[in-house]
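Engineer: Please find one structure pasted underneath; my questions will follow.
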Amino acid sequence: MRLSPVILTVVIASLAYSTPPEMAFSRLLPAAPALAAAMWPVLPTVLLGTVCLFLMIGLSLVFPGLGTWWTAAGIIAVTVAAAYGSHVRLQRERTLIQVRLVAEAAQQVVLSPMPRRFGIVEIESLYLAAAAEARIGGDFYEVVDTPYGVRLLIGDVRGKGLPAVGAAAAIVNAFREAAYGEADIVDVARRLDASSTRYNAAFPPEGPMERFATALLVEIPHGGRRIDILNCGHPPPLLLNGGKLRVLEPATPSPLLSLADLIGDQYNVDTFDFAPGDLLLLYTDGIAEARAHDGEFFPLAAWMRRQPPTPPRELLTALHRDLLRYSRGRLDDDIAALAVRLCEP
């Protein structure tokens with residue numbers, strides 16, 4: 001691809017020399033520097049235009065009456081425009097690189113790398129942003145090992161792309177502090193709500209819609225055997241136990257983050273059995289709502305039920321592959337998932 005402007009120049013010149021002058025293939029020479037502008041820096045583009053100009057002069061010596069000066073003027077004009085276009089393209093590419101570096105820095109703040117194992121708890125993560133240029137969107141997760149057990153957070157800020165990053169960062173940073181300082185995950189949830197509310201007050205969302213977030217808090221005691229889940233309007237996790245799938249629905253949903261002042265702050269914690277070998281999948285709605293070409297949603301529960309006993313990393317690798325295959329690589333929403341397995345002590 002990088003040599004295509006040179007190949008095009010050689011082909012046009014060869015045709016111009018080997019065909020009758022009436023066919024006037026030489027008039028296509030300005031196309032070569034125009035093509036070079038799309039992939040070459042400024043100087044090589046100008047050099048190619050100069051080569052095309054000398055080729056045109058050489059053709060005029062072999063075939064008088066080709067309209068050399070008109071074609072030469074066209075080559076010069078196109079080369080100048082191509083050089084400018086190449087300059088603008090390079091500037092935009094440098095800007096895009098800087099944007100991606102900033103996005104990657106934001107990703108390190110919101111989704112910091114985490115260990116794959118906390119004692120007897122094995123954890124893997126998956127993140128896919130719908131806005132691929134941004135690398136990160138409104139979905140978030142975090143895992144911390146505290147004196148009260150391993151605590152996990154997964155959630156989804158309304159919206160996607162960079163506008164949702166700030167709200168997600170505020171929630172995740174609040175969780176990192178509260179998870180260590182609060183003995184009760186209900187108090188952790190209240191601190192997340194307060195942080196989200198303060199952020200929204202400082203940086204109001206664009207448009208009439210309020211910015212809120214769903215969230216799921218999970219606590220796994222160091223001894224295992226059970227999990228405590230506080231669900232703030234988030235899709236319920238899936239628990240695979242010996243080939244049997246269980247959807248861990250909350251008995252009473254808790255309020256979404258930033259909405260506790262409107263609908264009350266009555267938080268409820270549900271407790272479920274969690275035995276060694278069990279596989280727990282936490283996910284955001286971008287997974288369950290991924291669509292095929294016919295509009296059908298991804299059958300997550302049925303897919304999970306078919307999975308054999310497998311390590312968390314292999315489960316998320318399979319999920320990633322099958323999601324992209326099902327949606328044909330087109331994601332309408334950000335995607336985040338945590339796979340958790342309890343190992344034998």
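Letters for chains follow the order of the structure tokens (A, B, ...), residue numbers begin at 1 for each chain, and ligand numbers begin at 1 in the order shown.
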Considering only C-alpha atoms, return as an mmCIF file with C-alpha atoms, in the first residue's frame whatever protein or nucleic-acid residues lie within 6 Å of stretch 275-291 of chain A, sequence-local ones (same chain, fewer than 4 positions apart) excluded.
Structural biologist:
data_model
loop_
_atom_site.group_PDB
_atom_site.id
_atom_site.type_symbol
_atom_site.label_atom_id
_atom_site.label_comp_id
_atom_site.auth_asym_id
_atom_site.auth_seq_id
_atom_site.Cartn_x
_atom_site.Cartn_y
_atom_site.Cartn_z
ATOM 1 C CA ARG A 225 -18.487 -20.072 51.146
ATOM 2 C CA PRO A 237 -24.792 -11.589 38.146
ATOM 3 C CA LEU A 238 -24.775 -15.171 36.931
ATOM 4 C CA LEU A 239 -23.492 -18.037 39.095
ATOM 5 C CA LEU A 240 -22.455 -21.313 37.475
ATOM 6 C CA ASN A 241 -22.338 -24.244 39.863
ATOM 7 C CA GLY A 295 -31.875 -7.369 16.142
ATOM 8 C CA GLU A 296 -31.894 -10.305 18.584
ATOM 9 C CA PHE A 297 -30.108 -9.768 21.902
ATOM 10 C CA PHE A 298 -27.112 -11.886 22.863
ATOM 11 C CA LEU A 300 -26.089 -14.460 27.787
ATOM 12 C CA SER A 327 -22.641 -8.734 16.775
ATOM 13 C CA ASP A 333 -22.587 0.122 24.062
ATOM 14 C CA ASP A 334 -19.538 -0.208 26.278
ATOM 15 C CA ILE A 335 -18.890 -3.645 27.722
ATOM 16 C CA ALA A 336 -17.323 -4.632 31.038
ATOM 17 C CA ALA A 337 -17.234 -7.972 32.813
ATOM 18 C CA LEU A 338 -15.592 -9.637 35.791
ATOM 19 C CA ALA A 339 -15.289 -13.413 36.090
ATOM 20 C CA VAL A 340 -14.698 -14.702 39.618
ATOM 21 C CA ARG A 341 -13.907 -18.232 40.778
ATOM 22 C CA LEU A 342 -13.434 -19.480 44.335
ATOM 23 C CA CYS A 343 -10.510 -21.897 44.614
ATOM 24 C CA GLU A 344 -9.888 -24.527 47.236
#
Engineer: Can you pull out the residues contacting A:Ala189? Cut-off 9 Å, using only C-alpha atoms, and skip same-chain residues under 4 positions away; I want them as a list in words.
Structural biologist: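 So, after excluding close chain neighbours, the residues are Phe175, Ala178, Ile185, Asp193, Ala194, Ala215, Leu217, Leu230, Cys232, Leu257 and Tyr267 of chain A.
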Engineer: Go ahead and write the residues just picked, C-alpha atoms, as a PDB file, in the first residue's frame.
Structural biologist:
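Now in out-v6.pdb:
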ATOM      1  CA  PHE A 175     -14.967   2.974  46.100  1.00  0.00           C
ATOM      2  CA  ALA A 178     -14.670   3.505  51.082  1.00  0.00           C
ATOM      3  CA  ILE A 185     -21.028  -2.407  52.165  1.00  0.00           C
ATOM      4  CA  ASP A 193     -23.854   7.784  45.832  1.00  0.00           C
ATOM      5  CA  ALA A 194     -22.567  10.892  47.606  1.00  0.00           C
ATOM      6  CA  ALA A 215     -23.682  -0.402  40.251  1.00  0.00           C
ATOM      7  CA  LEU A 217     -21.191  -4.276  45.001  1.00  0.00           C
ATOM      8  CA  LEU A 230     -25.800  -5.066  46.936  1.00  0.00           C
ATOM      9  CA  CYS A 232     -28.135  -0.675  42.654  1.00  0.00           C
ATOM     10  CA  LEU A 257     -26.267   6.027  42.217  1.00  0.00           C
ATOM     11  CA  TYR A 267     -30.021  -0.286  50.503  1.00  0.00           C
TER      12      TYR A 267
END
Engineer: Among stretch 13-159 of chain A, which residues does DSSP mark as helix (DSSP H, G or I) when it is run on the backbone? Keep the chain and numbering as in the structure and answer as JSON, numbers by chain.
Structural biologist: {"A": [13, 14, 15, 16, 17, 18, 21, 22, 23, 25, 26, 27, 28, 31, 32, 33, 34, 35, 36, 42, 43, 44, 45, 46, 47, 48, 49, 50, 51, 52, 53, 54, 55, 56, 57, 58, 59, 60, 61, 62, 68, 69, 70, 71, 72, 73, 74, 75, 76, 77, 78, 79, 80, 81, 82, 83, 84, 85, 86, 87, 88, 89, 90, 91, 92, 93, 94, 95, 96, 97, 98, 99, 100, 101, 102, 103, 104, 105, 106, 107, 108, 109, 110]}
Engineer: Within 10 Å of A:Ser14, counting only C-alpha atoms, which residues qualify if same-chain residues fewer than 6 places away don't, as a PDB file with all heavy atoms, in the first residue's frame?
Structural biologist:
ATOM      1  N   LEU A   8       1.507   3.357  -9.337  1.00  0.00           N
ATOM      2  CA  LEU A   8       0.588   4.073 -10.217  1.00  0.00           C
ATOM      3  C   LEU A   8       1.356   4.939 -11.215  1.00  0.00           C
ATOM      4  O   LEU A   8       1.007   5.003 -12.404  1.00  0.00           O
ATOM      5  CB  LEU A   8      -0.353   4.940  -9.381  1.00  0.00           C
ATOM      6  CG  LEU A   8      -1.381   5.777 -10.156  1.00  0.00           C
ATOM      7  CD1 LEU A   8      -2.328   4.866 -10.920  1.00  0.00           C
ATOM      8  CD2 LEU A   8      -2.155   6.688  -9.215  1.00  0.00           C
ATOM      9  N   PHE A  25      -2.805   8.950 -21.990  1.00  0.00           N
ATOM     10  CA  PHE A  25      -2.695   8.455 -20.622  1.00  0.00           C
ATOM     11  C   PHE A  25      -1.863   9.381 -19.735  1.00  0.00           C
ATOM     12  O   PHE A  25      -1.976   9.354 -18.499  1.00  0.00           O
ATOM     13  CB  PHE A  25      -2.077   7.057 -20.614  1.00  0.00           C
ATOM     14  CG  PHE A  25      -3.061   5.962 -20.918  1.00  0.00           C
ATOM     15  CD1 PHE A  25      -3.090   5.364 -22.165  1.00  0.00           C
ATOM     16  CD2 PHE A  25      -3.975   5.546 -19.960  1.00  0.00           C
ATOM     17  CE1 PHE A  25      -4.001   4.363 -22.449  1.00  0.00           C
ATOM     18  CE2 PHE A  25      -4.888   4.538 -20.236  1.00  0.00           C
ATOM     19  CZ  PHE A  25      -4.907   3.948 -21.487  1.00  0.00           C
ATOM     20  N   SER A  26      -1.036  10.216 -20.365  1.00  0.00           N
ATOM     21  CA  SER A  26      -0.191  11.124 -19.590  1.00  0.00           C
ATOM     22  C   SER A  26      -1.010  12.085 -18.741  1.00  0.00           C
ATOM     23  O   SER A  26      -0.522  12.604 -17.730  1.00  0.00           O
ATOM     24  CB  SER A  26       0.718  11.916 -20.533  1.00  0.00           C
ATOM     25  OG  SER A  26      -0.062  12.667 -21.463  1.00  0.00           O
TER      26      SER A  26
END
Engineer: Please extract the residues of stretch 201-330 of chain A with a backbone DSSP assignment of strand (DSSP E) and present them as number ranges by chain.
Structural biologist: A: 213-220, 225-232, 238-241, 244-247, 269-274, 279-283
Engineer: Which residue gives the smallest distance to A:Pro30 among A:Ile227, A:Val62, A:Val188, A:Ala73, with only C-alpha atoms counted?
Structural biologist: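 Going through A:Ile227, A:Val62, A:Val188, A:Ala73 one by one, the smallest distance to A:Pro30 is for A:Ala73.
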Engineer: To one decimal in Å, tell me the separation between atom CA of A:Phe63 and atom CA of A:Ser4.
Structural biologist: 26.5 Å
